[in-house]
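K.L.:
Structure file target_19.tsv (TSV, C-alpha atoms) right here:
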chain	number	residue	atom	x	y	z
A	1	MET	CA	-118.84	-65.17	20.39
A	2	PRO	CA	-120.57	-62.96	17.76
A	3	THR	CA	-121.32	-59.38	18.83
A	4	PRO	CA	-123.32	-56.60	17.17
A	5	PHE	CA	-120.74	-54.10	18.38
A	6	GLY	CA	-117.50	-53.33	16.56
A	7	LYS	CA	-113.89	-52.55	17.30
A	8	GLU	CA	-114.33	-48.81	17.91
A	9	THR	CA	-117.11	-49.37	20.42
A	10	TYR	CA	-115.12	-51.90	22.45
A	11	LEU	CA	-112.00	-49.74	22.44
A	12	TYR	CA	-114.09	-46.78	23.62
A	13	TRP	CA	-115.68	-48.89	26.37
A	14	TYR	CA	-112.30	-50.12	27.54
A	15	GLU	CA	-110.71	-46.66	27.68
A	16	ILE	CA	-113.62	-44.88	29.37
A	17	MET	CA	-114.11	-47.63	31.97
A	18	LEU	CA	-110.40	-47.73	32.72
A	19	LEU	CA	-110.39	-43.94	33.14
A	20	LEU	CA	-113.31	-44.12	35.57
A	21	ARG	CA	-111.66	-46.95	37.52
A	22	LYS	CA	-108.27	-45.25	37.79
A	23	PHE	CA	-109.81	-41.87	38.62
A	24	GLU	CA	-111.80	-43.42	41.46
A	25	GLU	CA	-108.86	-45.40	42.77
A	26	LYS	CA	-106.82	-42.20	42.87
A	27	ALA	CA	-109.69	-40.34	44.55
A	28	GLY	CA	-109.83	-43.02	47.23
A	29	GLN	CA	-106.07	-42.74	47.78
A	30	LEU	CA	-106.23	-38.94	48.00
A	31	TYR	CA	-109.15	-39.15	50.43
A	32	GLY	CA	-106.98	-41.28	52.70
A	33	MET	CA	-104.31	-38.58	52.49
A	34	GLN	CA	-106.94	-35.96	53.48
A	35	LYS	CA	-106.50	-34.13	50.21
A	36	ILE	CA	-110.22	-34.69	49.62
A	37	ARG	CA	-112.63	-33.96	52.46
A	38	GLY	CA	-116.30	-34.51	53.20
A	39	PHE	CA	-118.32	-37.35	51.69
A	40	CYS	CA	-116.94	-39.45	48.85
A	41	HIS	CA	-118.81	-42.30	47.14
A	42	LEU	CA	-116.78	-44.30	44.62
A	43	TYR	CA	-118.13	-45.86	41.41
A	44	ILE	CA	-115.65	-48.76	41.27
A	45	GLY	CA	-117.37	-51.86	39.84
A	46	GLN	CA	-120.24	-49.98	38.20
A	47	GLU	CA	-118.33	-48.60	35.20
A	48	ALA	CA	-120.18	-50.65	32.56
A	49	ILE	CA	-123.33	-48.64	33.24
A	50	ALA	CA	-121.66	-45.35	32.33
A	51	ALA	CA	-119.90	-46.85	29.30
A	52	GLY	CA	-122.96	-48.63	27.92
A	53	MET	CA	-125.07	-45.52	28.42
A	54	MET	CA	-122.73	-43.28	26.44
A	55	THR	CA	-122.89	-45.42	23.29
A	56	ALA	CA	-126.69	-45.54	23.54
A	57	ILE	CA	-127.46	-41.83	23.96
A	58	ARG	CA	-126.64	-38.58	22.18
A	59	ASP	CA	-124.32	-35.90	23.53
A	60	ASP	CA	-127.26	-33.52	23.94
A	61	ASP	CA	-129.33	-35.92	26.05
A	62	ASN	CA	-129.71	-35.07	29.74
A	63	VAL	CA	-128.28	-37.08	32.63
A	64	ILE	CA	-129.06	-36.61	36.31
A	65	THR	CA	-128.00	-38.86	39.16
A	66	ALA	CA	-127.45	-39.20	42.90
A	67	TYR	CA	-124.28	-38.60	44.89
A	68	ARG	CA	-122.25	-41.53	43.43
A	69	ASP	CA	-121.71	-39.28	40.45
A	70	HIS	CA	-118.01	-39.15	39.47
A	71	GLY	CA	-118.16	-41.92	36.88
A	72	LEU	CA	-121.27	-40.70	35.08
A	73	ALA	CA	-119.97	-37.11	35.08
A	74	ILE	CA	-116.67	-38.04	33.44
A	75	ALA	CA	-118.40	-40.33	30.94
A	76	LYS	CA	-120.78	-37.49	30.03
A	77	GLY	CA	-117.79	-35.35	29.09
A	78	ILE	CA	-116.75	-33.36	32.15
A	79	THR	CA	-112.96	-33.46	32.19
A	80	ALA	CA	-110.99	-35.38	34.77
A	81	ASN	CA	-109.30	-32.06	35.60
A	82	ALA	CA	-112.60	-30.35	36.43
A	83	CYS	CA	-113.82	-33.36	38.42
A	84	MET	CA	-110.64	-33.75	40.47
A	85	ALA	CA	-110.54	-30.01	41.14
A	86	GLU	CA	-114.12	-30.20	42.42
A	87	LEU	CA	-113.14	-33.01	44.79
A	88	TYR	CA	-110.38	-30.71	46.06
A	89	GLY	CA	-112.89	-27.86	46.48
A	90	LYS	CA	-111.01	-25.69	44.01
A	91	ALA	CA	-112.36	-22.79	41.94
A	92	THR	CA	-111.60	-24.65	38.69
A	93	GLY	CA	-113.92	-27.52	39.63
A	94	CYS	CA	-117.05	-28.35	37.64
A	95	SER	CA	-119.17	-26.74	40.40
A	96	LYS	CA	-116.60	-24.02	41.13
A	97	GLY	CA	-115.42	-25.89	44.22
A	98	LYS	CA	-118.74	-25.38	46.01
A	99	GLY	CA	-120.33	-28.77	45.44
A	100	GLY	CA	-117.69	-31.33	46.23
A	101	SER	CA	-117.98	-35.04	45.53
A	102	MET	CA	-121.77	-35.25	45.68
A	103	HIS	CA	-122.66	-32.27	43.51
A	104	PHE	CA	-120.90	-32.43	40.14
A	105	PHE	CA	-122.66	-30.32	37.48
A	106	SER	CA	-122.19	-29.09	33.93
A	107	LYS	CA	-124.78	-27.15	31.96
A	108	GLU	CA	-122.63	-27.46	28.83
A	109	LYS	CA	-122.44	-31.25	29.05
A	110	ARG	CA	-126.09	-31.49	30.13
A	111	PHE	CA	-125.08	-33.25	33.34
A	112	PHE	CA	-127.42	-31.97	36.03
A	113	GLY	CA	-125.96	-33.52	39.18
A	114	GLY	CA	-124.91	-35.05	41.59
A	115	HIS	CA	-127.55	-34.75	44.40
A	116	GLY	CA	-127.02	-35.42	48.08
A	117	ILE	CA	-130.70	-35.90	49.02
A	118	VAL	CA	-131.69	-39.54	48.56
A	119	GLY	CA	-134.26	-39.68	45.76
A	120	GLY	CA	-134.37	-35.91	45.33
A	121	GLN	CA	-133.08	-36.09	41.77
A	122	ILE	CA	-136.00	-38.28	40.65
A	123	GLY	CA	-138.42	-35.35	40.71
A	124	LEU	CA	-135.85	-33.04	39.16
A	125	GLY	CA	-135.24	-35.53	36.36
A	126	ALA	CA	-138.95	-35.60	35.58
A	127	GLY	CA	-138.94	-31.81	35.53
A	128	ILE	CA	-136.10	-31.74	33.00
A	129	ALA	CA	-137.96	-34.26	30.83
A	130	PHE	CA	-141.12	-32.15	31.07
A	131	ALA	CA	-139.17	-29.10	29.88
A	132	GLU	CA	-137.93	-31.04	26.83
A	133	GLN	CA	-141.46	-32.21	26.07
A	134	TYR	CA	-142.82	-28.68	26.50
A	135	GLN	CA	-140.20	-27.32	24.09
A	136	ASN	CA	-140.96	-30.15	21.65
A	137	THR	CA	-137.38	-31.43	21.43
A	138	ASP	CA	-136.45	-35.07	20.90
A	139	ARG	CA	-133.93	-35.17	23.75
A	140	ALA	CA	-134.15	-37.99	26.25
A	141	THR	CA	-133.46	-37.60	29.96
A	142	ILE	CA	-131.67	-40.36	31.89
A	143	CYS	CA	-132.46	-40.28	35.60
A	144	TYR	CA	-130.36	-42.50	37.88
A	145	PHE	CA	-130.96	-43.50	41.49
A	146	GLY	CA	-129.94	-46.35	43.78
A	147	ASP	CA	-131.87	-49.26	45.22
A	148	GLY	CA	-132.22	-47.36	48.50
A	149	ALA	CA	-133.93	-44.43	46.76
A	150	ALA	CA	-136.44	-46.86	45.25
A	151	ARG	CA	-138.07	-46.84	48.71
A	152	GLN	CA	-138.70	-43.08	48.63
A	153	GLY	CA	-142.19	-41.73	48.18
A	154	MET	CA	-140.84	-39.32	45.58
A	155	LEU	CA	-140.35	-42.22	43.17
A	156	HIS	CA	-143.99	-43.28	43.26
A	157	GLU	CA	-145.36	-39.76	42.82
A	158	VAL	CA	-143.01	-39.15	39.89
A	159	PHE	CA	-143.71	-42.52	38.23
A	160	ASN	CA	-147.42	-41.77	38.28
A	161	MET	CA	-146.93	-38.30	36.78
A	162	ALA	CA	-144.37	-39.44	34.19
A	163	VAL	CA	-146.72	-42.09	32.81
A	164	LEU	CA	-149.73	-39.79	32.93
A	165	TRP	CA	-147.86	-37.13	30.93
A	166	GLN	CA	-145.83	-39.61	28.85
A	167	LEU	CA	-142.56	-37.86	29.67
A	168	PRO	CA	-139.45	-38.65	27.56
A	169	ILE	CA	-137.44	-40.07	30.46
A	170	VAL	CA	-135.57	-43.26	31.30
A	171	PHE	CA	-135.55	-44.04	35.02
A	172	ILE	CA	-132.59	-46.23	35.98
A	173	CYS	CA	-132.12	-47.92	39.32
A	174	GLU	CA	-128.43	-48.79	39.75
A	175	ASN	CA	-129.09	-51.75	42.01
A	176	ASN	CA	-125.77	-52.55	43.69
A	177	HIS	CA	-127.70	-54.60	46.28
A	178	TYR	CA	-126.94	-52.45	49.32
A	179	ALA	CA	-128.52	-49.18	50.39
A	180	MET	CA	-125.62	-48.00	52.53
A	181	GLY	CA	-125.23	-51.22	54.52
A	182	THR	CA	-128.72	-52.66	54.22
A	183	SER	CA	-129.45	-55.31	51.60
A	184	VAL	CA	-132.46	-55.13	49.32
A	185	GLU	CA	-133.77	-58.33	50.91
A	186	ARG	CA	-134.07	-56.57	54.27
A	187	THR	CA	-136.01	-53.58	52.95
A	188	SER	CA	-138.51	-54.96	50.45
A	189	LYS	CA	-140.56	-58.01	49.55
A	190	VAL	CA	-140.17	-56.98	45.90
A	191	LEU	CA	-136.66	-58.12	45.05
A	192	ASP	CA	-137.07	-57.48	41.31
A	193	ILE	CA	-137.19	-53.71	41.63
A	194	TYR	CA	-138.11	-53.18	37.97
A	195	ARG	CA	-141.52	-54.70	38.74
A	196	LEU	CA	-142.45	-51.46	40.54
A	197	ALA	CA	-143.14	-50.11	37.04
A	198	ASP	CA	-146.02	-52.58	36.65
A	199	ALA	CA	-148.20	-50.61	39.07
A	200	TYR	CA	-148.04	-47.62	36.73
A	201	ASP	CA	-148.34	-49.48	33.42
A	202	MET	CA	-144.79	-48.36	32.63
A	203	PRO	CA	-142.44	-50.55	30.56
A	204	GLY	CA	-139.83	-52.04	32.89
A	205	ASP	CA	-136.90	-54.40	32.51
A	206	SER	CA	-133.94	-55.92	34.33
A	207	VAL	CA	-130.46	-55.41	32.85
A	208	ASP	CA	-127.08	-56.98	33.59
A	209	GLY	CA	-125.03	-54.02	34.79
A	210	MET	CA	-121.74	-55.88	34.55
A	211	SER	CA	-122.08	-56.03	30.75
A	212	CYS	CA	-121.58	-52.97	28.54
A	213	GLU	CA	-123.43	-54.77	25.76
A	214	GLU	CA	-126.57	-55.40	27.84
A	215	VAL	CA	-126.53	-51.90	29.32
A	216	HIS	CA	-126.27	-50.38	25.84
A	217	LYS	CA	-129.13	-52.49	24.49
A	218	GLY	CA	-131.41	-51.76	27.45
A	219	ILE	CA	-130.84	-48.01	27.42
A	220	ASP	CA	-130.99	-47.84	23.62
A	221	ARG	CA	-134.47	-49.39	23.59
A	222	ALA	CA	-135.68	-47.05	26.31
A	223	VAL	CA	-134.22	-43.93	24.72
A	224	ARG	CA	-135.77	-44.78	21.37
A	225	ARG	CA	-139.15	-45.10	23.08
A	226	ALA	CA	-138.67	-41.70	24.72
A	227	ARG	CA	-137.73	-40.00	21.43
A	228	GLU	CA	-140.71	-41.52	19.65
A	229	LYS	CA	-143.10	-40.09	22.28
A	230	GLY	CA	-143.66	-43.51	23.79
A	231	GLY	CA	-143.23	-42.24	27.33
A	232	PRO	CA	-141.04	-43.33	30.24
A	233	THR	CA	-139.21	-46.60	30.88
A	234	PHE	CA	-137.88	-48.04	34.14
A	235	LEU	CA	-134.69	-50.10	34.01
A	236	GLU	CA	-133.27	-51.93	36.98
A	237	ILE	CA	-129.58	-52.31	36.16
A	238	LYS	CA	-128.06	-54.90	38.49
A	239	THR	CA	-124.49	-54.02	39.36
A	240	TYR	CA	-122.06	-54.17	42.27
A	241	ARG	CA	-119.78	-51.72	44.03
A	242	TYR	CA	-116.43	-53.16	45.04
A	243	ARG	CA	-115.88	-50.58	47.77
A	244	GLY	CA	-118.07	-49.54	50.69
A	245	HIS	CA	-121.04	-47.21	50.38
A	246	SER	CA	-118.71	-44.31	51.07
A	247	MET	CA	-115.10	-43.91	52.17
A	248	SER	CA	-116.18	-44.25	55.82
A	249	ASP	CA	-117.83	-47.64	55.22
A	250	PRO	CA	-115.73	-50.78	55.97
A	251	ALA	CA	-118.42	-52.92	54.21
A	252	LYS	CA	-118.41	-55.66	56.85
A	253	TYR	CA	-122.01	-56.58	56.00
A	254	ARG	CA	-120.97	-58.71	52.99
A	255	THR	CA	-118.66	-61.68	52.57
A	256	LYS	CA	-115.33	-61.77	50.77
A	257	GLU	CA	-116.72	-64.63	48.67
A	258	GLU	CA	-119.58	-62.43	47.43
A	259	LEU	CA	-117.17	-59.65	46.48
A	260	GLU	CA	-114.85	-62.02	44.63
A	261	GLU	CA	-117.79	-63.55	42.76
A	262	TYR	CA	-118.63	-60.16	41.28
A	263	LYS	CA	-115.00	-59.31	40.56
A	264	GLU	CA	-114.90	-62.39	38.32
A	265	LYS	CA	-117.48	-60.57	36.15
A	266	ASP	CA	-115.45	-57.36	36.08
A	267	PRO	CA	-116.65	-55.40	33.01
A	268	ILE	CA	-113.21	-54.00	32.19
A	269	ASN	CA	-111.72	-57.47	32.01
A	270	GLN	CA	-114.65	-58.73	29.91
A	271	VAL	CA	-114.25	-55.95	27.35
A	272	LEU	CA	-110.47	-56.36	27.25
A	273	LYS	CA	-110.83	-60.09	26.60
A	274	MET	CA	-113.19	-59.40	23.69
A	275	ILE	CA	-110.73	-56.89	22.20
A	276	LEU	CA	-107.75	-59.24	22.42
A	277	ASP	CA	-109.68	-62.35	21.33
A	278	SER	CA	-111.03	-60.47	18.30
A	279	LYS	CA	-107.52	-59.17	17.51
A	280	TRP	CA	-108.85	-55.60	17.45
A	281	ALA	CA	-105.74	-54.43	19.30
A	282	THR	CA	-102.35	-55.77	20.29
A	283	GLN	CA	-101.03	-55.77	23.81
A	284	GLU	CA	-98.86	-52.82	22.77
A	285	ASP	CA	-102.01	-50.92	21.75
A	286	ILE	CA	-103.56	-51.70	25.11
A	287	ASP	CA	-100.43	-50.55	26.91
A	288	LEU	CA	-100.68	-47.21	25.12
A	289	ILE	CA	-104.28	-46.78	26.29
A	290	ASN	CA	-103.27	-47.72	29.82
A	291	GLU	CA	-100.48	-45.14	29.77
A	292	LYS	CA	-102.80	-42.46	28.34
A	293	VAL	CA	-105.31	-43.03	31.14
A	294	LYS	CA	-102.60	-43.03	33.79
A	295	THR	CA	-101.26	-39.72	32.48
A	296	GLU	CA	-104.75	-38.16	32.37
A	297	VAL	CA	-105.40	-39.06	36.01
A	298	GLU	CA	-101.97	-37.85	37.13
A	299	GLU	CA	-102.48	-34.57	35.29
A	300	SER	CA	-105.88	-34.12	36.95
A	301	VAL	CA	-104.24	-34.35	40.37
A	302	LYS	CA	-101.58	-31.83	39.38
A	303	PHE	CA	-104.29	-29.52	38.03
A	304	ALA	CA	-106.29	-29.78	41.25
A	305	GLU	CA	-103.23	-29.25	43.46
A	306	GLU	CA	-102.21	-26.11	41.55
A	307	SER	CA	-105.68	-24.60	41.21
A	308	PRO	CA	-106.79	-21.78	43.53
A	309	LEU	CA	-109.45	-22.04	46.19
A	310	PRO	CA	-112.67	-20.10	45.51
A	311	ASP	CA	-112.51	-16.41	46.42
A	312	ASP	CA	-114.62	-15.24	49.35
A	313	SER	CA	-116.64	-13.12	46.90
A	314	GLU	CA	-118.00	-16.37	45.38
A	315	LEU	CA	-119.88	-17.28	48.55
A	316	TYR	CA	-123.30	-15.98	47.51
A	317	LYS	CA	-122.94	-16.36	43.75
A	318	ASP	CA	-124.93	-18.96	41.81
A	319	ILE	CA	-127.57	-19.18	44.54
A	320	TYR	CA	-130.06	-16.79	42.98
A	321	THR	CA	-130.12	-15.04	39.62
A	322	ASP	CA	-130.65	-11.32	39.20
A	323	GLU	CA	-133.31	-12.02	36.58
A	324	ASN	CA	-135.52	-13.78	39.10
A	325	TYR	CA	-134.55	-11.77	42.14
A	326	PRO	CA	-133.70	-8.23	41.00
A	327	TYR	CA	-133.76	-6.96	44.57
A	328	ILE	CA	-130.77	-9.10	45.54
A	329	THR	CA	-127.44	-7.38	45.02
A	330	ASP	CA	-123.82	-8.38	45.42
Take the structure in the file and give it back as structure tokens.
P.N.:
Amino acid sequence: MPTPFGKETYLYWYEIMLLLRKFEEKAGQLYGMQKIRGFCHLYIGQEAIAAGMMTAIRDDDNVITAYRDHGLAIAKGITANACMAELYGKATGCSKGKGGSMHFFSKEKRFFGGHGIVGGQIGLGAGIAFAEQYQNTDRATICYFGDGAARQGMLHEVFNMAVLWQLPIVFICENNHYAMGTSVERTSKVLDIYRLADAYDMPGDSVDGMSCEEVHKGIDRAVRRAREKGGPTFLEIKTYRYRGHSMSDPAKYRTKEELEEYKEKDPINQVLKMILDSKWATQEDIDLINEKVKTEVEESVKFAEESPLPDDSELYKDIYTDENYPYITD
């Protein structure tokens, strides 16, 4: 089947998705061993969204998301070492061990979280986009949230403001069909979530989240609109998580048949088939990528295990800044 994407793009998609998958599988294993504590929401099954996004945006674009953040953080350039260390609560983590699974962050990579409050990042994302507009840059901001957060009042207030001010932002609902354990059908009469954009005269579209190609094309169109001062876009990217909502969720609210149906569309397998069918790589080449990813994940665990815990003196740091609150001292 003809494709507008070339060898390098498919090889990148395969490697980054495999890294996200293997990192999350290892995180799930370590959680079971009580190496990782607290909440932990895995991205397994949704990797095509992160991969397709990265080929559609620039490195200096902004990304903000909810608490299922590991995959997007690694795709945006935060190292597996820094992410695994954060899961361990170590000082070398991307949030200095203070954020944990739900609060990954990197100013350098322009990855602004990781947020534990459902829908809270939607307003923050609009604020970041407003700052870019105010400073007259051409950066786009990608703001992710889940289908559960689409029920929050924050979304409607922000949509209205974003359209009114024509903010350079792409709102993305990662619709994996279940807000915790409740299906979309049980929470809304509007099953095509992207249609919420119609009420605000905002461009909206539905995207196949199991396809890197479709994700890339959808985000590329929206980002171009943002850069050209065309205002916000709302994309509903339909995807599926293979695991429960979090590590404490046995996911008994769905059938095995439903899960297997989505696994047949697995984005990693689709991309690998395209690579092999197009003879862009041999099986030996693929084996080398597999081994590279395996080594990177193993090294991240070693790094996290050997890293120190945060010092007690770090407790009140990074809460306020002296510039804004000169009366606060160490």
K.L.:
For a quick check of understanding, using only C-alpha atoms, which of A:Leu30, A:Arg21, A:Ala48, A:Asn81 has the smallest distance to Ser307 (chain A)?
P.N.:
A:Asn81
K.L.:
Give me the residues of region 225-320 of chain A that have any atom at most 12 Å from an atom of region 122-130 of chain A; for each, the nearest atom pair and the distance in Å, rounded to one decimal. Use all atoms listed in the file, sort by chain and number, and format it as JSON lines.
P.N.:
{"residue": "A:Ala226", "atom": "CA", "partner": "A:Ala129", "partner_atom": "CA", "distance": 9.7}
{"residue": "A:Arg227", "atom": "CA", "partner": "A:Ala129", "partner_atom": "CA", "distance": 11.0}
{"residue": "A:Lys229", "atom": "CA", "partner": "A:Ala129", "partner_atom": "CA", "distance": 11.6}
{"residue": "A:Gly231", "atom": "CA", "partner": "A:Ala129", "partner_atom": "CA", "distance": 10.2}
{"residue": "A:Pro232", "atom": "CA", "partner": "A:Ala129", "partner_atom": "CA", "distance": 9.6}
{"residue": "A:Thr233", "atom": "CA", "partner": "A:Ala126", "partner_atom": "CA", "distance": 12.0}
{"residue": "A:Phe234", "atom": "CA", "partner": "A:Ile122", "partner_atom": "CA", "distance": 11.9}
K.L.:
Looking at only C-alpha atoms, which of A:Ala197, A:Ala251, A:Met53, A:Leu18 is the one that sits closest to Glu296 (chain A)?
P.N.:
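The answer is A:Leu18, which sits nearest to Glu296 (chain A).
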K.L.:
Smallest atom-to-atom distance to Lys217 (chain A): which of A:Ile193, A:Ile57, A:Ala80, A:Met17, using all atoms listed in the file?
P.N.:
A:Ile57
K.L.:
Axis-aligned box over every listed atom of region 63-78 of chain A, padded by 8 Å per side: centre and edges in Å to one decimal, as AutoDock Vina command-line options?
P.N.:
--center_x -122.9 --center_y -37.6 --center_z 37.0 --size_x 28.4 --size_y 24.6 --size_z 31.8
K.L.:
To one decimal place, how far is CA of Ile64 (chain A) from CA of Phe104 (chain A) in Å?
P.N.:
9.9 Å
